[in-house]
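S.K.: Structure file structure.pdb (PDB, C-alpha atoms, pLDDT in the B column) right here:
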MODEL        1
ATOM      1  CA  MET A  22       0.000   0.000   0.000  1.00 35.00           C
ATOM      2  CA  LYS A  23       1.433   3.363  -1.019  1.00 40.00           C
ATOM      3  CA  ALA A  24       1.410   6.369   1.294  1.00 44.00           C
ATOM      4  CA  ARG A  25      -0.553   9.269  -0.153  1.00 51.00           C
ATOM      5  CA  ALA A  26       1.389  12.415  -0.864  1.00 60.00           C
ATOM      6  CA  ARG A  27       0.905  15.333  -3.180  1.00 58.00           C
ATOM      7  CA  ARG A  28       3.622  16.575  -5.467  1.00 59.00           C
ATOM      8  CA  THR A  29       3.510  20.298  -5.620  1.00 55.00           C
ATOM      9  CA  SER A  30       4.181  22.602  -8.507  1.00 63.00           C
ATOM     10  CA  GLY A  31       6.306  25.512  -7.415  1.00 70.00           C
ATOM     11  CA  PRO A  32       7.258  26.494  -3.903  1.00 82.00           C
ATOM     12  CA  ILE A  33       4.880  25.832  -1.050  1.00 92.00           C
ATOM     13  CA  THR A  34       4.018  28.895   0.998  1.00 96.00           C
ATOM     14  CA  PRO A  35       2.995  28.631   4.657  1.00 96.00           C
ATOM     15  CA  VAL A  36      -0.554  29.636   3.678  1.00 96.00           C
ATOM     16  CA  ARG A  37      -0.713  26.886   1.060  1.00 97.00           C
ATOM     17  CA  LEU A  38       0.724  24.343   3.500  1.00 97.00           C
ATOM     18  CA  MET A  39      -1.924  25.339   6.050  1.00 96.00           C
ATOM     19  CA  ALA A  40      -4.618  24.838   3.383  1.00 96.00           C
ATOM     20  CA  GLU A  41      -3.276  21.301   2.879  1.00 97.00           C
ATOM     21  CA  ALA A  42      -3.503  20.724   6.655  1.00 96.00           C
ATOM     22  CA  GLU A  43      -7.116  21.888   6.579  1.00 95.00           C
ATOM     23  CA  ARG A  44      -7.825  19.337   3.834  1.00 96.00           C
ATOM     24  CA  ALA A  45      -6.272  16.622   5.990  1.00 97.00           C
ATOM     25  CA  ARG A  46      -8.372  17.658   8.995  1.00 96.00           C
ATOM     26  CA  GLY A  47     -11.455  16.676   7.008  1.00 96.00           C
ATOM     27  CA  MET A  48     -10.306  13.042   7.188  1.00 97.00           C
ATOM     28  CA  ALA A  49      -9.883  12.982  10.995  1.00 97.00           C
ATOM     29  CA  TYR A  50     -11.544  10.253  13.025  1.00 98.00           C
ATOM     30  CA  ALA A  51     -12.425  11.951  16.314  1.00 97.00           C
ATOM     31  CA  PRO A  52     -15.749  10.547  17.587  1.00 97.00           C
ATOM     32  CA  TYR A  53     -14.772  10.844  21.271  1.00 96.00           C
ATOM     33  CA  SER A  54     -13.217  14.290  21.610  1.00 94.00           C
ATOM     34  CA  ARG A  55     -14.815  15.790  18.493  1.00 94.00           C
ATOM     35  CA  PHE A  56     -11.500  17.665  18.123  1.00 94.00           C
ATOM     36  CA  ALA A  57     -10.407  17.046  14.550  1.00 96.00           C
ATOM     37  CA  VAL A  58      -6.797  17.937  13.734  1.00 96.00           C
ATOM     38  CA  GLY A  59      -5.024  17.947  10.380  1.00 97.00           C
ATOM     39  CA  ALA A  60      -1.346  18.207   9.478  1.00 98.00           C
ATOM     40  CA  ALA A  61       0.577  18.745   6.266  1.00 98.00           C
ATOM     41  CA  LEU A  62       4.259  17.819   6.291  1.00 98.00           C
ATOM     42  CA  LEU A  63       6.486  19.279   3.577  1.00 98.00           C
ATOM     43  CA  SER A  64       9.437  17.064   2.665  1.00 97.00           C
ATOM     44  CA  SER A  65      12.716  18.510   1.462  1.00 96.00           C
ATOM     45  CA  SER A  66      11.949  16.983  -1.945  1.00 95.00           C
ATOM     46  CA  GLY A  67       8.760  19.066  -2.227  1.00 96.00           C
ATOM     47  CA  ARG A  68       6.170  16.381  -1.476  1.00 97.00           C
ATOM     48  CA  VAL A  69       3.368  17.133   0.980  1.00 98.00           C
ATOM     49  CA  PHE A  70       2.230  14.328   3.284  1.00 98.00           C
ATOM     50  CA  HIS A  71      -1.128  14.574   5.026  1.00 98.00           C
ATOM     51  CA  GLY A  72      -2.022  13.361   8.483  1.00 98.00           C
ATOM     52  CA  CYS A  73      -5.097  13.488  10.697  1.00 98.00           C
ATOM     53  CA  ASN A  74      -5.768  12.408  14.236  1.00 97.00           C
ATOM     54  CA  VAL A  75      -7.214   8.930  14.624  1.00 98.00           C
ATOM     55  CA  GLU A  76      -8.873   8.323  17.980  1.00 97.00           C
ATOM     56  CA  ASN A  77      -9.568   5.054  19.715  1.00 97.00           C
ATOM     57  CA  ALA A  78     -11.889   4.104  22.564  1.00 96.00           C
ATOM     58  CA  SER A  79      -8.713   3.308  24.472  1.00 95.00           C
ATOM     59  CA  TYR A  80      -7.380   6.880  24.466  1.00 91.00           C
ATOM     60  CA  GLY A  81      -3.739   5.859  24.796  1.00 93.00           C
ATOM     61  CA  LEU A  82      -3.941   4.280  21.342  1.00 95.00           C
ATOM     62  CA  THR A  83      -4.978   7.544  19.681  1.00 96.00           C
ATOM     63  CA  THR A  84      -2.532   8.916  17.109  1.00 96.00           C
ATOM     64  CA  CYS A  85      -2.029  12.632  16.504  1.00 97.00           C
ATOM     65  CA  ALA A  86      -2.176  14.198  13.040  1.00 97.00           C
ATOM     66  CA  GLU A  87       1.503  15.174  13.070  1.00 98.00           C
ATOM     67  CA  ARG A  88       2.717  11.664  13.796  1.00 97.00           C
ATOM     68  CA  THR A  89       0.343  10.232  11.197  1.00 98.00           C
ATOM     69  CA  ALA A  90       1.925  12.554   8.600  1.00 98.00           C
ATOM     70  CA  VAL A  91       5.478  11.640   9.679  1.00 98.00           C
ATOM     71  CA  PHE A  92       4.777   7.902   9.612  1.00 98.00           C
ATOM     72  CA  SER A  93       3.162   8.221   6.180  1.00 98.00           C
ATOM     73  CA  ALA A  94       6.199  10.098   4.855  1.00 98.00           C
ATOM     74  CA  VAL A  95       8.698   7.666   6.348  1.00 97.00           C
ATOM     75  CA  SER A  96       6.687   4.751   4.909  1.00 97.00           C
ATOM     76  CA  ALA A  97       7.085   6.390   1.492  1.00 97.00           C
ATOM     77  CA  GLY A  98      10.857   6.662   1.940  1.00 97.00           C
ATOM     78  CA  GLU A  99      11.132  10.329   2.963  1.00 97.00           C
ATOM     79  CA  ARG A 100      13.484  11.193   5.817  1.00 96.00           C
ATOM     80  CA  SER A 101      14.109  14.925   5.400  1.00 96.00           C
ATOM     81  CA  PHE A 102      11.513  17.606   6.108  1.00 98.00           C
ATOM     82  CA  ALA A 103      11.303  21.384   5.792  1.00 97.00           C
ATOM     83  CA  ALA A 104       8.016  22.399   7.443  1.00 98.00           C
ATOM     84  CA  ILE A 105       4.762  21.208   8.970  1.00 98.00           C
ATOM     85  CA  ALA A 106       1.411  22.968   9.319  1.00 97.00           C
ATOM     86  CA  VAL A 107      -1.116  21.888  11.942  1.00 97.00           C
ATOM     87  CA  THR A 108      -4.719  22.998  12.244  1.00 95.00           C
ATOM     88  CA  ALA A 109      -7.714  22.276  14.443  1.00 93.00           C
ATOM     89  CA  ARG A 110     -11.243  23.627  14.362  1.00 83.00           C
ATOM     90  CA  GLU A 111     -11.649  27.376  14.267  1.00 78.00           C
ATOM     91  CA  GLY A 112     -11.050  29.134  17.554  1.00 75.00           C
ATOM     92  CA  HIS A 113      -8.704  26.474  18.904  1.00 80.00           C
ATOM     93  CA  GLY A 114      -4.927  26.635  18.712  1.00 79.00           C
ATOM     94  CA  ALA A 115      -3.190  23.399  17.847  1.00 86.00           C
ATOM     95  CA  PRO A 116       0.588  23.479  18.207  1.00 92.00           C
ATOM     96  CA  PRO A 117       2.085  19.973  18.221  1.00 95.00           C
ATOM     97  CA  CYS A 118       2.004  18.115  21.519  1.00 94.00           C
ATOM     98  CA  GLY A 119       5.241  17.046  23.216  1.00 94.00           C
ATOM     99  CA  ALA A 120       5.189  13.523  21.771  1.00 96.00           C
ATOM    100  CA  CYS A 121       4.752  14.874  18.244  1.00 96.00           C
ATOM    101  CA  ARG A 122       7.535  17.400  18.774  1.00 97.00           C
ATOM    102  CA  GLN A 123       9.880  14.593  19.785  1.00 96.00           C
ATOM    103  CA  VAL A 124       8.955  12.458  16.756  1.00 97.00           C
ATOM    104  CA  LEU A 125       9.427  15.442  14.429  1.00 97.00           C
ATOM    105  CA  HIS A 126      12.792  16.174  16.056  1.00 96.00           C
ATOM    106  CA  GLU A 127      14.005  12.695  15.159  1.00 95.00           C
ATOM    107  CA  PHE A 128      13.947  13.650  11.478  1.00 96.00           C
ATOM    108  CA  ALA A 129      14.089  17.452  11.326  1.00 96.00           C
ATOM    109  CA  PRO A 130      15.362  19.351  14.386  1.00 95.00           C
ATOM    110  CA  ASP A 131      15.301  22.667  12.444  1.00 95.00           C
ATOM    111  CA  LEU A 132      11.813  22.166  11.006  1.00 96.00           C
ATOM    112  CA  TRP A 133       9.505  25.184  10.640  1.00 97.00           C
ATOM    113  CA  VAL A 134       6.229  24.578  12.510  1.00 98.00           C
ATOM    114  CA  TYR A 135       3.084  26.539  11.561  1.00 97.00           C
ATOM    115  CA  TRP A 136      -0.196  26.554  13.473  1.00 96.00           C
ATOM    116  CA  ARG A 137      -3.091  28.881  14.178  1.00 91.00           C
ATOM    117  CA  ASP A 138      -3.729  30.459  17.547  1.00 87.00           C
ATOM    118  CA  ASP A 139      -7.205  30.714  19.111  1.00 84.00           C
ATOM    119  CA  ARG A 140      -7.860  33.888  17.092  1.00 85.00           C
ATOM    120  CA  GLY A 141      -7.008  32.257  13.779  1.00 86.00           C
ATOM    121  CA  ARG A 142      -3.643  33.997  13.307  1.00 91.00           C
ATOM    122  CA  MET A 143      -0.885  31.855  11.843  1.00 94.00           C
ATOM    123  CA  LEU A 144       2.113  31.393  14.122  1.00 95.00           C
ATOM    124  CA  LYS A 145       5.501  29.936  13.245  1.00 97.00           C
ATOM    125  CA  ARG A 146       8.443  28.681  15.261  1.00 97.00           C
ATOM    126  CA  ARG A 147      11.423  26.491  14.687  1.00 97.00           C
ATOM    127  CA  LEU A 148      10.950  23.074  16.236  1.00 96.00           C
ATOM    128  CA  GLY A 149      14.020  23.677  18.416  1.00 94.00           C
ATOM    129  CA  ALA A 150      12.237  26.629  20.053  1.00 95.00           C
ATOM    130  CA  LEU A 151       9.210  24.435  20.810  1.00 95.00           C
ATOM    131  CA  LEU A 152      11.329  21.542  22.091  1.00 94.00           C
ATOM    132  CA  PRO A 153      14.563  23.030  23.454  1.00 92.00           C
ATOM    133  CA  LYS A 154      15.712  19.923  25.359  1.00 90.00           C
ATOM    134  CA  ALA A 155      14.839  17.128  22.936  1.00 92.00           C
ATOM    135  CA  PHE A 156      15.801  13.579  23.798  1.00 90.00           C
ATOM    136  CA  VAL A 157      18.629  12.356  21.569  1.00 88.00           C
ATOM    137  CA  PHE A 158      19.880   8.781  21.683  1.00 83.00           C
ATOM    138  CA  ALA A 159      23.347   9.552  20.356  1.00 72.00           C
ATOM    139  CA  ARG A 160      24.789   6.046  20.548  1.00 67.00           C
ATOM    140  CA  GLY A 161      22.337   4.459  18.113  1.00 59.00           C
ATOM    141  CA  ARG A 162      21.757   7.377  15.735  1.00 57.00           C
ATOM    142  CA  PRO A 163      22.851   6.982  12.166  1.00 53.00           C
ATOM    143  CA  ARG A 164      25.888   9.076  11.325  1.00 46.00           C
ATOM    144  CA  ALA A 165      27.292  10.189   7.994  1.00 40.00           C
ATOM    145  CA  ARG A 166      30.062   7.863   6.919  1.00 38.00           C
ATOM    146  CA  GLY A 167      33.426   9.250   5.909  1.00 39.00           C
ATOM    147  CA  ALA A 168      36.209   7.679   3.887  1.00 39.00           C
ATOM    148  CA  GLY A 169      37.624   4.552   5.453  1.00 41.00           C
ATOM    149  CA  GLN A 170      34.648   3.869   7.703  1.00 40.00           C
ATOM    150  CA  SER A 171      32.946   0.525   7.687  1.00 41.00           C
ATOM    151  CA  PRO A 172      29.525   0.206   6.052  1.00 42.00           C
ATOM    152  CA  PRO A 173      26.408   0.497   8.203  1.00 45.00           C
ATOM    153  CA  ARG A 174      24.930  -2.562   9.868  1.00 46.00           C
ATOM    154  CA  ALA A 175      22.302  -4.589   8.055  1.00 45.00           C
ATOM    155  CA  ARG A 176      18.899  -2.950   7.823  1.00 47.00           C
ATOM    156  CA  GLY A 177      16.854  -3.704  10.900  1.00 48.00           C
ATOM    157  CA  ALA A 178      19.860  -4.957  12.876  1.00 47.00           C
ATOM    158  CA  GLY A 179      19.947  -1.824  15.046  1.00 48.00           C
ATOM    159  CA  PRO A 180      22.783  -0.746  17.284  1.00 51.00           C
ATOM    160  CA  GLY A 181      22.154  -3.444  19.851  1.00 47.00           C
ATOM    161  CA  PRO A 182      21.316  -2.876  23.486  1.00 45.00           C
ATOM    162  CA  PRO A 183      23.188  -0.147  25.327  1.00 47.00           C
ATOM    163  CA  ARG A 184      25.810  -1.424  27.745  1.00 48.00           C
ATOM    164  CA  ALA A 185      25.117  -0.929  31.402  1.00 44.00           C
ATOM    165  CA  ARG A 186      27.512   1.425  33.113  1.00 47.00           C
ATOM    166  CA  ARG A 187      28.674   1.000  36.613  1.00 46.00           C
ATOM    167  CA  VAL A 188      27.791   3.871  38.885  1.00 44.00           C
ATOM    168  CA  ARG A 189      30.389   4.684  41.486  1.00 48.00           C
ATOM    169  CA  ARG A 190      28.950   5.567  44.817  1.00 46.00           C
ATOM    170  CA  SER A 191      30.449   8.280  46.958  1.00 52.00           C
ATOM    171  CA  GLN A 192      29.193   6.548  50.093  1.00 50.00           C
ATOM    172  CA  PRO A 193      29.641   2.861  50.873  1.00 50.00           C
ATOM    173  CA  ARG A 194      26.462   0.830  50.747  1.00 49.00           C
ATOM    174  CA  ALA A 195      24.710   0.324  54.025  1.00 50.00           C
ATOM    175  CA  ARG A 196      24.452  -3.306  54.968  1.00 51.00           C
ATOM    176  CA  SER A 197      21.219  -4.602  56.350  1.00 48.00           C
ATOM    177  CA  VAL A 198      21.532  -5.877  59.862  1.00 50.00           C
ATOM    178  CA  GLU A 199      19.173  -8.456  61.213  1.00 53.00           C
ATOM    179  CA  ARG A 200      17.972  -7.833  64.709  1.00 51.00           C
ATOM    180  CA  SER A 201      17.511 -10.633  67.105  1.00 52.00           C
ATOM    181  CA  THR A 202      14.594 -10.195  69.441  1.00 49.00           C
TER     182      THR A 202
ENDMDL
END
Kindly present the structure from the file in structure tokens form.

M.R.:
Amino acid sequence: MKARARRTSGPITPVRLMAEAERARGMAYAPYSRFAVGAALLSSSGRVFHGCNVENASYGLTTCAERTAVFSAVSAGERSFAAIAVTAREGHGAPPCGACRQVLHEFAPDLWVYWRDDRGRMLKRRLGALLPKAFVFARGRPRARGAGQSPPRARGAGPGPPRARRVRRSQPRARSVERST
């Protein structure tokens, strides 16, 4: 199954990207909260990937629009992104939640993020300003290879489990003492 994306003719403006997010919002499945959200993710290659929130009766299984767009793009082979627009119903601001910010950071730490505030004005920030202390798992992250470096591990092999490090204690451990009564 192919991920749906739109190829664009010419540069995408923030207003046009927001219009794409509004189109995506129309596909949202939000029967519980009735809070439909749409996202449009612009790849560095110029493709726009749509995402909408998909709710579930078990709320923890709900997926946000931003993550839906990212997963769709990654499924289509995209890994580099320039901007994302997020929209909710009129009168409600919808910047990405913390989980979505972290997922977006994985692929595009300098991404432009556009959303509307509760008055309908479009706001923009760099993702780094919205998530200043992002979690980065440096040990397992792919790195650019230089001359003389070995090829990457087989696809899906992963970096392996992190090694446990011994923590040195400044105080000796207290030993438990059994009392005799």

S.K.: Which residues, named as in the file, does the PyMOL selection byres ((chain A and resi 94) around 9) pick out? Answer as a VMD selection string.

M.R.: chain A and resid 24 to 26 62 64 68 to 71 89 to 93 95 to 100

S.K.: Apply the PyMOL selection byres ((chain A and resi 149) around 10) to the structure shown and report the selected residues as a ChimeraX atom specification.

M.R.: /A:122,126,129-134,146-148,150-155

S.K.: Could you state the separation of atom CA of Asp138 of chain A and atom CA of Pro116 of chain A in Å, given to one decimal place?

M.R.: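 Spanning atom CA of Asp138 of chain A to atom CA of Pro116 of chain A is a straight-line distance of 8.2 Å.
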
S.K.: Give as a PyMOL selection string the set of residues within 9 Å of the point (-7.7, 14.6, 5.8), where distances use the file's coordinates and only C-alpha atoms.

M.R.: chain A and resi 41-49+58-60+71-74

S.K.: So which one's closest to Arg37 of chain A, A:Tyr50, A:Gly114, A:Tyr135, A:Cys85? Using all atoms listed in the file, please.

M.R.: A:Tyr135

S.K.: If you measure from atom CA of Lys145 of chain A to atom CA of Ala57 of chain A, what distance in Å do you get, rounded to one decimal?

M.R.: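 Atom CA of Ala57 of chain A lies at a distance of 20.5 Å from atom CA of Lys145 of chain A.
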
S.K.: Could you check which of A:Ala159, A:Leu144, A:Ala61, A:Leu125 is closest to Ser101 of chain A, using only C-alpha atoms?

M.R.: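 Checking each of A:Ala159, A:Leu144, A:Ala61, A:Leu125 against Ser101 of chain A, counting only C-alpha atoms, the winner is A:Leu125.
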
S.K.: If you measure from atom CA of Ala40 of chain A to atom CA of Thr84 of chain A, what distance in Å do you get, rounded to one decimal?

M.R.: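 We find that atom CA of Ala40 of chain A and atom CA of Thr84 of chain A lie 21.1 Å from each other.
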
S.K.: Calculated over only C-alpha atoms, which of the candidates A:Glu127, A:Glu111, A:Glu87, A:Asp139 has the smallest distance to Phe56 of chain A?

M.R.: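 Checking each candidate against Phe56 of chain A, we get A:Glu111 as the closest.
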